[in-house]
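Have a look at target_33.txt below; it lists compact mmCIF, C-alpha atoms.
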# COMPACT_ATOMS: atom_id res chain seq x y z
CA MET A 15 -22.67 17.48 -5.68
CA ASN A 16 -24.84 15.38 -7.92
CA LEU A 17 -23.90 12.83 -10.50
CA MET A 18 -24.27 15.25 -13.37
CA THR A 19 -21.84 17.72 -11.89
CA LEU A 20 -19.39 14.89 -11.39
CA GLN A 21 -19.84 13.85 -14.97
CA ARG A 22 -19.49 17.40 -16.19
CA TYR A 23 -16.16 17.87 -14.52
CA LYS A 24 -14.95 14.33 -14.92
CA ASN A 25 -11.77 15.40 -16.72
CA GLU A 26 -10.87 17.75 -13.92
CA ILE A 27 -11.79 15.08 -11.36
CA ILE A 28 -9.64 12.50 -13.15
CA LEU A 29 -6.74 14.96 -13.23
CA PHE A 30 -7.30 15.87 -9.59
CA VAL A 31 -7.32 12.21 -8.56
CA ALA A 32 -4.19 11.58 -10.65
CA PHE A 33 -2.57 14.62 -9.06
CA LEU A 34 -3.51 13.40 -5.59
CA PHE A 35 -2.13 9.98 -6.44
CA ALA A 36 1.15 11.52 -7.60
CA LEU A 37 1.24 13.80 -4.54
CA PHE A 38 0.61 11.02 -2.04
CA SER A 39 3.06 8.77 -3.87
CA PHE A 40 5.65 11.52 -3.62
CA LEU A 41 4.91 11.93 0.10
CA TYR A 42 5.18 8.16 0.51
CA LYS A 43 8.55 8.16 -1.27
CA HIS A 44 9.68 11.13 0.76
CA SER A 45 8.64 9.53 4.05
CA ALA A 46 10.28 6.24 2.99
CA SER A 47 13.43 8.17 2.22
CA SER A 48 13.37 9.99 5.57
CA TYR A 49 12.56 6.74 7.40
CA VAL A 50 15.49 4.98 5.76
CA GLU A 51 17.83 7.92 6.30
CA GLU A 52 17.00 8.08 10.00
CA ASN A 53 16.89 4.36 10.58
CA ARG A 54 19.87 3.30 8.49
CA ALA A 55 22.23 5.38 10.64
CA LYS A 56 20.49 4.16 13.79
CA ILE A 57 20.49 0.49 12.74
CA ASN A 58 24.10 0.64 11.54
CA ARG A 59 25.15 2.25 14.82
CA GLN A 60 23.35 -0.47 16.79
CA ILE A 61 25.00 -3.16 14.65
CA SER A 62 28.44 -1.61 15.03
CA ASP A 63 27.89 -1.19 18.79
CA ILE A 64 26.88 -4.84 19.20
CA LEU A 65 29.78 -6.04 17.04
CA ALA A 66 32.16 -3.77 18.97
CA ILE A 67 30.84 -5.14 22.27
CA GLU A 68 31.31 -8.70 21.06
CA ASN A 69 34.77 -7.79 19.84
CA TYR A 70 35.73 -6.01 23.07
CA LYS A 71 34.33 -8.80 25.18
CA GLY A 72 36.19 -11.42 23.16
CA GLN A 73 39.33 -9.35 23.54
CA TRP A 74 39.20 -8.06 27.09
CA ASP A 75 36.80 -10.16 29.17
CA GLY A 76 39.73 -12.35 30.25
CA LYS A 77 38.14 -15.74 29.68
CA GLY A 78 40.74 -18.48 30.09
CA LEU A 79 43.50 -15.98 30.85
CA ALA A 80 44.11 -17.42 34.30
CA ASN A 81 45.73 -20.40 32.56
CA LYS A 82 47.31 -18.49 29.72
CA VAL A 83 49.28 -16.19 32.00
CA LYS A 84 51.10 -19.22 33.43
CA VAL A 85 53.30 -19.11 30.36
CA LEU A 86 54.78 -15.84 31.66
CA LYS A 87 56.31 -17.84 34.46
CA SER A 88 57.68 -20.66 32.36
CA ILE A 89 58.99 -18.66 29.44
CA VAL A 90 62.21 -17.82 31.27
CA PRO A 91 64.31 -20.01 33.58
CA ALA A 92 62.72 -20.33 37.02
CA SER A 93 65.82 -18.88 38.63
CA LYS A 94 65.12 -15.58 36.93
CA VAL A 95 61.56 -15.32 38.22
CA GLN A 96 62.03 -13.46 41.46
CA SER A 97 58.35 -13.28 42.25
CA TYR A 98 55.16 -14.41 40.55
CA SER A 99 51.90 -13.72 42.32
CA LYS A 100 48.54 -14.41 40.71
CA LYS A 101 45.52 -13.43 42.78
CA SER A 102 42.00 -13.41 41.39
CA LYS A 103 42.37 -11.55 38.10
CA LYS A 104 45.62 -9.83 38.82
CA LEU A 105 49.20 -10.89 38.20
CA VAL A 106 52.30 -9.29 39.74
CA ALA A 107 55.64 -10.62 38.56
CA LYS A 108 59.29 -9.67 38.83
CA TYR A 109 62.18 -11.04 36.79
CA VAL A 110 65.90 -10.51 37.27
CA ASN A 111 69.04 -11.10 35.24
CA LEU A 112 67.18 -11.31 31.95
CA THR A 113 69.21 -11.33 28.79
CA ALA A 114 68.08 -9.18 25.89
CA ASP A 115 66.56 -12.24 24.17
CA GLU A 116 64.70 -13.31 27.30
CA LEU A 117 63.47 -9.80 27.82
CA ASN A 118 62.21 -9.59 24.23
CA ARG A 119 60.53 -12.99 24.46
CA LEU A 120 58.82 -12.09 27.73
CA ASN A 121 57.85 -8.69 26.52
CA ASN A 122 56.36 -10.03 23.26
CA LYS A 123 54.40 -12.64 25.17
CA LEU A 124 53.04 -10.02 27.51
CA ILE A 125 51.94 -7.53 24.87
CA ASN A 126 50.27 -10.24 22.82
CA MET A 127 48.19 -11.30 25.77
CA PRO A 128 44.82 -9.52 26.19
CA VAL A 129 45.59 -8.23 29.66
CA ARG A 130 45.57 -4.70 31.04
CA ILE A 131 49.15 -3.74 31.79
CA THR A 132 48.73 -1.40 34.73
CA ASN A 133 52.40 -1.16 35.55
CA LEU A 134 55.60 -2.22 33.83
CA LYS A 135 59.20 -1.43 34.63
CA ILE A 136 62.24 -2.57 32.70
CA LYS A 137 65.68 -1.51 33.82
CA GLU A 138 69.14 -2.44 32.66
CA SER A 139 70.86 -3.68 35.82
CA SER A 140 74.23 -4.27 34.16
CA LYS A 141 75.49 -4.45 30.59
CA ASN A 142 72.71 -6.20 28.56
CA ILE A 143 71.16 -7.65 31.71
CA PHE A 144 67.71 -6.46 32.69
CA THR A 145 65.20 -6.60 35.46
CA MET A 146 61.53 -6.48 34.62
CA GLU A 147 58.49 -6.19 36.81
CA PHE A 148 54.88 -5.76 35.84
CA THR A 149 51.34 -5.83 37.13
CA CYS A 150 48.53 -6.84 34.85
CA LYS A 151 44.79 -7.40 35.22
CA TRP A 152 42.08 -9.07 33.15
CA MET B 11 -42.59 22.25 -22.19
CA LYS B 12 -42.04 18.54 -22.30
CA ILE B 13 -40.41 17.05 -19.20
CA LEU B 14 -38.57 13.80 -19.48
CA ASN B 15 -38.30 11.68 -16.42
CA LEU B 16 -35.13 9.78 -17.04
CA THR B 17 -34.86 7.39 -14.21
CA ALA B 18 -34.10 4.37 -16.36
CA LYS B 19 -30.61 2.99 -16.15
CA GLN B 20 -29.94 3.34 -19.86
CA SER B 21 -29.66 6.90 -21.15
CA ASN B 22 -32.65 8.04 -23.10
CA ARG B 23 -32.07 8.99 -26.68
CA ILE B 24 -33.51 12.08 -28.23
CA LEU B 25 -33.78 12.75 -31.93
CA ILE B 26 -32.54 16.27 -32.50
CA HIS B 27 -34.20 18.28 -35.26
CA LYS B 28 -34.79 21.97 -35.71
CA ASN B 29 -38.54 21.78 -35.14
CA MET B 30 -38.33 20.01 -31.85
CA GLU B 31 -39.98 21.40 -28.75
CA PRO B 32 -37.85 22.62 -25.82
CA ILE B 33 -37.40 20.00 -23.14
CA LYS B 34 -36.19 19.87 -19.57
CA LEU B 35 -33.78 17.17 -18.54
CA GLU B 36 -32.79 15.81 -15.17
CA ASN B 37 -30.37 13.18 -16.30
CA SER B 38 -27.90 12.58 -19.09
CA VAL B 39 -29.12 11.68 -22.54
CA GLU B 40 -27.78 10.43 -25.81
CA ILE B 41 -28.75 12.48 -28.80
CA ILE B 42 -29.34 11.35 -32.35
CA LEU B 43 -28.63 14.04 -34.91
CA THR B 44 -30.93 14.27 -37.91
CA PRO B 45 -29.45 15.30 -41.28
CA GLN B 46 -30.21 18.93 -40.46
CA PHE B 47 -27.08 18.89 -38.32
CA TYR B 48 -24.64 16.92 -40.41
CA THR B 49 -23.46 16.32 -43.93
CA PHE B 50 -23.11 12.74 -44.95
CA LEU B 51 -20.94 11.11 -47.60
CA ARG B 52 -20.40 7.47 -48.49
CA GLU B 53 -17.19 6.56 -50.24
CA GLU B 54 -15.49 3.43 -51.40
CA LEU B 55 -11.90 3.95 -50.41
CA ASP B 56 -8.89 1.69 -50.44
CA ILE B 57 -7.95 2.32 -46.86
CA LYS B 58 -7.86 0.03 -43.92
CA PHE B 59 -8.24 2.05 -40.77
CA ALA B 60 -10.69 4.66 -39.54
CA TYR B 61 -7.95 7.07 -38.52
CA GLN B 62 -6.68 7.08 -42.11
CA ALA B 63 -10.18 7.80 -43.33
CA LYS B 64 -10.53 10.59 -40.80
CA GLN B 65 -7.33 12.19 -42.08
CA ILE B 66 -8.81 12.68 -45.51
CA ALA B 67 -12.33 13.52 -44.30
CA GLY B 68 -11.78 17.28 -44.53
CA SER B 69 -10.80 17.17 -48.19
CA LEU B 70 -13.78 14.97 -49.06
CA PHE B 71 -16.20 17.60 -47.81
CA ASP B 72 -14.48 20.52 -49.54
CA ASP B 73 -17.18 20.84 -52.17
CA TYR B 74 -20.12 20.25 -49.87
CA ILE B 75 -19.70 22.38 -46.76
CA ASP B 76 -18.43 25.79 -45.76
CA THR B 77 -14.84 25.04 -44.88
CA SER B 78 -14.39 28.43 -43.20
CA LEU B 79 -16.38 27.03 -40.28
CA GLU B 80 -14.74 24.79 -37.78
CA ASN B 81 -16.19 21.41 -38.62
CA GLN B 82 -15.73 18.11 -36.92
CA TYR B 83 -15.60 14.80 -38.74
CA HIS B 84 -16.66 11.34 -37.83
CA VAL B 85 -15.98 8.19 -39.84
CA TYR B 86 -16.93 4.59 -39.56
CA LYS B 87 -17.04 1.58 -41.84
CA CYS B 88 -20.48 0.81 -43.19
CA GLY B 89 -20.30 -2.45 -45.09
CA ASP B 90 -17.74 -2.12 -47.89
CA LEU B 91 -17.96 1.65 -47.82
CA TRP B 92 -16.76 4.35 -45.47
CA CYS B 93 -19.42 6.62 -43.96
CA PHE B 94 -18.22 10.18 -43.42
CA PHE B 95 -20.01 12.77 -41.32
CA ALA B 96 -19.19 16.46 -41.07
CA TYR B 97 -20.83 18.47 -38.33
CA ASN B 98 -20.35 21.70 -36.47
CA ILE B 99 -20.34 21.05 -32.80
CA LYS B 100 -20.76 24.72 -31.92
CA GLU B 101 -23.91 24.96 -34.00
CA ILE B 102 -25.23 21.79 -32.39
CA ASP B 103 -24.32 23.08 -28.98
CA LEU B 104 -26.14 26.37 -29.55
CA PHE B 105 -29.18 24.56 -30.78
CA LEU B 106 -29.20 22.17 -27.85
CA GLU B 107 -29.06 25.08 -25.46
CA SER B 108 -31.93 26.74 -27.25
CA VAL B 109 -34.10 23.67 -26.66
CA GLY B 110 -33.07 23.32 -23.01
CA ILE B 111 -30.51 20.58 -23.35
CA GLU B 112 -27.40 21.52 -21.43
CA LYS B 113 -24.35 20.23 -23.18
CA HIS B 114 -22.97 18.52 -20.09
CA ARG B 115 -26.05 16.32 -20.08
CA VAL B 116 -25.21 14.93 -23.51
CA SER B 117 -23.33 11.73 -22.98
CA LYS B 118 -23.11 10.63 -26.62
CA ILE B 119 -23.96 11.87 -30.07
CA TYR B 120 -25.21 9.48 -32.77
CA PHE B 121 -26.13 10.11 -36.37
CA ALA B 122 -29.55 9.13 -37.70
CA GLN B 123 -27.78 7.58 -40.68
CA GLU B 124 -26.73 4.69 -38.48
CA PHE B 125 -30.24 3.27 -38.38
CA ALA B 126 -31.06 3.94 -42.04
CA ASN B 127 -32.22 0.36 -42.39
CA GLU B 128 -34.97 0.97 -39.84
CA LEU B 129 -36.29 3.94 -41.75
CA SER B 130 -37.73 2.23 -44.79
CA ARG B 131 -41.00 3.83 -43.66
CA PRO B 132 -41.02 7.50 -42.61
CA LEU B 133 -40.66 8.42 -38.98
CA SER B 134 -42.64 11.46 -37.94
CA LEU B 135 -40.50 14.09 -36.28
CA SER B 136 -42.88 17.05 -36.13
CA GLY B 137 -45.97 18.37 -37.79
CA ASP B 138 -44.03 19.27 -40.93
CA TYR B 139 -41.17 16.81 -41.21
CA ALA B 140 -40.53 13.14 -41.30
CA LEU B 141 -37.34 11.11 -41.42
CA GLN B 142 -36.94 8.43 -44.04
CA SER B 143 -34.23 6.45 -45.74
CA VAL B 144 -33.95 7.33 -49.41
CA ASP B 145 -31.53 5.12 -51.36
CA GLY B 146 -29.99 4.13 -48.06
CA ILE B 147 -29.46 7.73 -46.96
CA VAL B 148 -31.51 9.11 -44.08
CA THR B 149 -33.25 12.23 -45.28
CA MET B 150 -35.56 14.87 -43.81
CA ILE B 151 -38.69 14.93 -45.91
CA PRO B 152 -41.48 17.54 -45.64
CA LYS B 153 -44.65 15.72 -44.79
CA ARG B 154 -46.50 17.51 -47.51
CA PHE B 155 -44.57 15.38 -50.02
CA LEU B 156 -45.77 12.24 -48.35
CA GLY B 157 -49.23 10.91 -48.66
CA ASP B 158 -51.87 12.01 -46.12
CA GLU B 159 -52.90 8.52 -45.27
CA LEU B 160 -49.42 7.27 -44.77
CA GLU B 161 -48.83 5.22 -41.68
CA TYR B 162 -45.72 6.54 -39.87
CA LEU B 163 -43.16 4.33 -38.30
CA THR B 164 -43.24 3.83 -34.54
CA LEU B 165 -39.64 3.62 -33.38
CA ASN B 166 -38.25 3.26 -29.89
CA THR B 167 -34.83 4.88 -30.22
CA ASP B 168 -33.74 3.49 -26.88
CA LYS B 169 -33.85 -0.01 -28.31
CA LEU B 170 -31.73 0.79 -31.36
CA LYS B 171 -28.33 -0.81 -31.39
CA LEU B 172 -26.07 2.15 -32.04
CA LYS B 173 -22.36 1.83 -31.75
CA ASN B 174 -20.81 4.60 -33.83
CA GLY B 175 -21.32 7.52 -31.52
CA VAL B 176 -19.22 10.52 -30.74
CA THR B 177 -18.46 11.59 -27.21
CA MET B 178 -19.29 15.17 -26.78
CA GLY B 179 -18.83 15.43 -23.10
CA ALA B 180 -15.20 15.62 -22.24
CA SER B 181 -13.97 18.03 -24.85
CA LEU B 182 -16.81 20.50 -24.58
CA ASN B 183 -18.01 20.38 -21.02
CA SER B 184 -14.70 20.49 -19.23
CA PHE B 185 -12.08 23.13 -18.85
CA VAL B 186 -9.55 20.45 -19.73
CA SER B 187 -9.86 18.52 -22.95
CA LEU B 188 -10.02 14.75 -23.05
CA LYS B 189 -6.67 14.62 -24.82
CA GLU B 190 -5.03 16.78 -22.20
CA THR B 191 -6.70 14.72 -19.48
CA ILE B 192 -5.32 11.50 -20.93
CA ILE B 193 -1.82 12.90 -21.36
CA LEU B 194 -1.62 14.68 -18.01
CA GLY B 195 -3.44 11.90 -16.16
CA SER B 196 -1.09 9.29 -17.62
CA LEU B 197 1.96 11.36 -16.78
CA LEU B 198 0.80 11.93 -13.21
CA THR B 199 -0.10 8.26 -12.80
CA LEU B 200 3.27 7.24 -14.21
CA LEU B 201 5.01 9.69 -11.91
CA GLY B 202 3.01 8.45 -8.91
CA THR B 203 3.75 4.82 -9.77
CA SER B 204 7.45 5.58 -10.11
CA PHE B 205 7.38 7.30 -6.70
CA ILE B 206 5.74 4.23 -5.14
CA VAL B 207 8.23 1.86 -6.78
CA GLU B 208 11.11 4.10 -5.69
CA GLY B 209 9.66 4.38 -2.17
CA ASN B 210 9.39 0.60 -1.88
CA ARG B 211 12.91 0.17 -3.22
CA ILE B 212 14.24 2.69 -0.70
CA LYS B 213 12.36 1.01 2.16
CA SER B 214 13.63 -2.43 1.21
CA SER B 215 17.19 -1.12 0.95
CA ILE B 216 17.60 -1.31 4.73
CA ALA B 217 15.97 -4.73 4.97
CA ASN B 218 19.39 -6.44 5.10
CA GLU B 219 20.68 -4.21 7.88
CA ASP B 220 17.42 -4.63 9.75
CA ALA B 221 17.59 -8.43 9.45
CA LYS B 222 21.21 -8.41 10.60
CA LEU B 223 20.32 -6.31 13.65
CA THR B 224 17.38 -8.59 14.47
CA THR B 225 19.66 -11.64 14.28
CA LEU B 226 22.26 -10.00 16.52
CA ILE B 227 19.63 -9.00 19.09
CA ASP B 228 18.04 -12.45 18.92
CA GLU B 229 21.43 -13.96 19.73
CA ASN B 230 21.96 -11.52 22.61
CA PRO B 231 18.59 -10.12 23.71
CA LYS B 232 20.22 -7.96 26.41
CA TYR B 233 22.00 -5.95 23.69
CA GLY B 234 18.59 -4.68 22.62
CA SER B 235 18.87 -2.12 25.40
CA SER B 236 20.83 0.95 24.35
CA LEU B 237 21.58 1.74 28.00
CA LEU B 238 23.25 -1.61 28.50
CA ARG B 239 25.13 -1.31 25.20
CA ASP B 240 26.42 2.13 26.13
CA SER B 241 27.37 0.92 29.57
CA ILE B 242 29.37 -2.02 28.18
CA LEU B 243 30.98 0.16 25.52
CA ASN B 244 31.92 2.78 28.11
CA LYS B 245 33.55 0.07 30.13
CA TYR B 246 35.55 -1.59 27.36
CA LYS B 247 36.31 1.27 24.97
CA PRO B 248 38.82 3.11 27.19
CA ILE B 249 40.51 -0.19 28.06
CA ASP B 250 40.81 -1.08 24.38
CA THR B 251 42.12 2.35 23.41
CA THR B 252 44.65 2.58 26.23
CA GLU B 253 45.93 -0.96 25.94
CA ARG B 254 46.32 -0.73 22.17
CA ALA B 255 48.19 2.58 22.64
CA LYS B 256 50.51 0.98 25.21
CA ARG B 257 51.31 -1.92 22.94
CA GLN B 258 51.78 0.26 19.89
CA THR B 259 54.14 2.58 21.79
CA MET B 260 56.15 -0.40 23.03
CA LYS B 261 56.47 -1.62 19.45
CA ASP B 262 57.47 1.87 18.29
CA ILE B 263 60.14 2.10 21.01
CA SER B 264 61.50 -1.33 20.17
CA ARG B 265 61.91 -0.20 16.53
CA LEU B 266 64.16 2.62 17.74
CA LEU B 267 66.54 0.15 19.37
CA SER B 268 69.62 -1.26 17.71
CA SER B 269 73.17 -2.20 18.62
CA LYS B 270 73.94 1.53 18.63
CA SER B 271 70.89 2.62 20.59
CA GLN B 272 70.08 0.51 23.61
CA LEU B 273 67.25 0.53 26.07
CA LYS B 274 68.20 1.47 29.61
CA GLU B 275 64.79 1.87 31.14
CA LEU B 276 61.14 1.47 30.28
CA ASN B 277 58.24 2.48 32.52
CA ILE B 278 54.56 2.04 31.83
CA ASN B 279 51.74 3.16 34.07
CA GLU B 280 48.08 3.99 33.52
CA LYS B 281 48.84 7.51 32.31
CA SER B 282 52.15 7.47 30.49
CA ILE B 283 54.98 5.52 28.96
CA SER B 284 58.57 6.60 29.25
CA ALA B 285 61.81 5.09 28.00
CA VAL B 286 65.49 5.92 28.37
CA ILE B 287 67.74 5.03 25.43
CA ASP B 288 71.50 5.33 25.30
CA THR B 289 73.01 6.03 21.89
CA GLN B 290 76.61 5.64 20.75
CA SER B 291 77.01 8.82 18.73
CA PRO B 292 75.37 12.20 18.25
CA SER B 293 74.25 11.24 14.75
CA ILE B 294 72.51 8.10 16.06
CA SER B 295 71.04 10.17 18.86
CA LYS B 296 69.66 12.67 16.35
CA GLN B 297 68.35 9.94 14.11
CA VAL B 298 66.57 8.16 16.96
CA SER B 299 65.23 11.47 18.21
CA GLU B 300 63.75 12.32 14.80
CA HIS B 301 62.14 8.91 14.44
CA ALA B 302 60.68 9.24 17.92
CA LYS B 303 59.24 12.66 17.07
CA VAL B 304 57.60 11.23 13.98
CA LYS B 305 55.85 8.81 16.33
CA LYS B 306 54.67 11.82 18.35
CA MET B 307 56.89 11.08 21.36
CA LYS B 308 58.20 13.83 23.57
CA VAL B 309 62.02 13.64 23.36
CA THR B 310 64.50 15.03 25.88
CA ARG B 311 68.17 14.77 24.89
CA THR B 312 70.90 14.79 27.52
CA GLY B 313 74.21 14.13 25.79
CA LEU B 314 73.85 10.77 24.11
CA THR B 315 70.95 9.78 26.31
CA LEU B 316 67.37 10.21 25.11
CA LYS B 317 64.32 10.23 27.27
CA LEU B 318 61.12 9.47 25.38
CA GLU B 319 57.67 10.13 26.83
CA VAL B 320 54.18 9.42 25.62
CA GLU B 321 51.02 10.48 27.37
CA LEU B 322 48.21 7.93 27.21
Exercise: express the given structure as structure tokens:
Amino acid sequence: MNLMTLQRYKNEIILFVAFLFALFSFLYKHSASSYVEENRAKINRQISDILAIENYKGQWDGKGLANKVKVLKSIVPASKVQSYSKKSKKLVAKYVNLTADELNRLNNKLINMPVRITNLKIKESSKNIFTMEFTCKW
Amino acid sequence: MKILNLTAKQSNRILIHKNMEPIKLENSVEIILTPQFYTFLREELDIKFAYQAKQIAGSLFDDYIDTSLENQYHVYKCGDLWCFFAYNIKEIDLFLESVGIEKHRVSKIYFAQEFANELSRPLSLSGDYALQSVDGIVTMIPKRFLGDELEYLTLNTDKLKLKNGVTMGASLNSFVSLKETIILGSLLTLLGTSFIVEGNRIKSSIANEDAKLTTLIDENPKYGSSLLRDSILNKYKPIDTTERAKRQTMKDISRLLSSKSQLKELNINEKSISAVIDTQSPSISKQVSEHAKVKKMKVTRTGLTLKLEVEL
């Protein structure tokens, strides 16, 4: 193709170049759109996973719980703590003769503590007097 | 046949007149039309812009040219006057073809009138005709009216400073007119630009999320691994779900208790929660039972005693 032919069809060439520009721009926009669509979901999932991990770890990794669970022993009179055994990351405790208030207090403390309650038994031993035993891990 | 070797950078200019010899071109040329191909008028008009002058050009030539033909007009300011040219591009095109000038090789068309000042002496065009300025108007004059011993002007048209030319090329050589090219080209360019801007905007729209993720991974590089993330999530997610369910159920059960509905037993293990509640009357029993069902607990009534169960 010589220069004269180019000159002869310069309008068509200009239009063709403009069309190609528009076409490639459209493809660029389309690919940007697809890229964002794919990656936004992926990135957001990664962010939510990391935040969830941090949240779960903060909640359930049991840091400092060894000390915090001591309160479960002191929250009721010592005479009512029949057994209290803390080994490694596991606590087994049994309480007797708890009044309704003491039971509520103990129960609230337990459920507000980030421990895994693997076993819990509450039984009314006599009128408004309860026994409670539980096993929890962290 | 005369062959022009047009290797010079500047386009060669050819004076076009009806007695010219056929030529063969290899490059583009600029042509200068002699008065045989245009009609010229000079007018003193109270207008400011060329486009205004061009709008009235047709009416100015009404009495001078055949208006049934499709004529083109060209106007430019010459001193205090306006110079009007009417020409028929089809006629010019046909003539150019007849002398071997392909129209796509014509890069620009000028009018001989533009260098009227140079033609104070006649310029020989052919054996019969010369070109001369008469009262400031370039005119074709038969040589027989000029003296035999007249010395003709030697003029290098390539060196003339011409600036009022007409572009022939685009509108005649192409399938698409210049106007259409400009409009369509601009629209496509505009469209393309808007796509690029939009594409960039879309791409930058996840920049914040991307930066946040990078920061989180920088703080905890090990979380960059999806395997590790999944492993940690698989470890903690069931714990979180189960423990929250246990606590929520305990709260729900405690809301069912009152002075008339008292807890007798509560058992929690890894798979289920069960509670035994004693009520004082059938109506209280029914009420507690309904509330428990709303909380999706399985209720078993035995007299005034209710057994509630929840699977974890």
Exercise for review: Just the residues within 9 Å of Arg130 (chain A), please, counting all atoms listed in the file, with nothing from its chain fewer than 6 positions along; format it as a PyMOL selection string.
Suggested key: (chain A and resi 74+149-152) or (chain B and resi 249-250+252-253)
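The neighbours of Gly110 (chain B) here are the residues that come within 7 Å of it, using all atoms listed in the file and leaving out any residue fewer than 3 positions away in the same chain; they are Pro32, Ile33, Lys34, Leu106 and Glu107 of chain B.
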Point to revise | Exercise answer, chain B residues close to chain A, 8 Å and all atoms listed in the file, as a VMD selection string | key: chain B and resid 37 to 38 114 to 115 179 to 180 183 to 188 191 194 to 196 198 to 199 201 to 203 205 to 206 208 to 210 212 to 213 215 to 216 219 to 220 222 to 223 226 233 239 242 to 243 246 to 247 249 to 250 253 257 273 to 280
Practice item. Excluding Phe105 (chain B) and residues on its chain fewer than 5 positions from it, collect all residues at most 12 Å away from it, counting all atoms listed in the file, and give them as JSON, numbers by chain. Key: {"B": [26, 27, 28, 29, 30, 31, 32, 43, 46, 47, 98, 99, 100, 110, 111, 112, 113]}
Review point. Do you have the CA of Ala55 (chain A)-CA of Gly72 (chain A) distance handy?
Key: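 These atoms are spaced 25.2 Å apart.
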For region 77-81 of chain A, I'd like the enclosing box, axis-aligned and padded by 6 Å on every side, reported as JSON with centre and edge lengths in Å to one decimal.
{"center_x": 41.9, "center_y": -18.1, "center_z": 32.0, "size_x": 19.6, "size_y": 16.7, "size_z": 16.6}
Review point. When you draw a straight line from CA of Tyr83 (chain B) to CA of Ala96 (chain B), how long is it in Å?
Key: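 If I compute the distance from CA of Tyr83 (chain B) to CA of Ala96 (chain B), I get 4.6 Å.
Coordinates place CA of Leu172 (chain B) at a distance of 19.9 Å from CA of Phe59 (chain B).
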Point to revise | Minimum-distance residue to Ala92 (chain A), chosen among A:Lys56, A:Lys77, A:Lys108, A:Lys123 (using only C-alpha atoms) | key: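 Ranked by minimum distance to Ala92 (chain A), first place goes to A:Lys108.
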Point to revise | Selection near region 309-321 of chain B, 7 Å with only C-alpha atoms, sequence-local residues under 5 positions removed, as JSON, numbers by chain | key: {"B": [281, 282, 283, 284, 285, 286, 287, 288, 289, 290, 291, 292, 295, 299, 303]}
**Study point:** Spatial sel., origin (-31.1, 7.9, -37.5), limit 9 Å, only C-alpha atoms, listed as a PyMOL selection string
**Key:** chain B and resi 25+42-45+120-126+128-129+141-143+148+167
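The protein and nucleic acid residues lying at most 12 Å from Val304 (chain B) are B:Asp262, B:Ile263, B:Leu266, B:Gln297, B:Val298, B:Ser299, B:Glu300, B:Lys308, B:Val309, with all atoms listed in the file considered and sequence neighbours fewer than 4 positions away removed.
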**Study point:** Within-9 Å shell of (-24.1, 12.4, -31.2) in input frame, all atoms listed in the file, as a PyMOL selection string
**Key:** chain B and resi 40-43+116-121+174-178
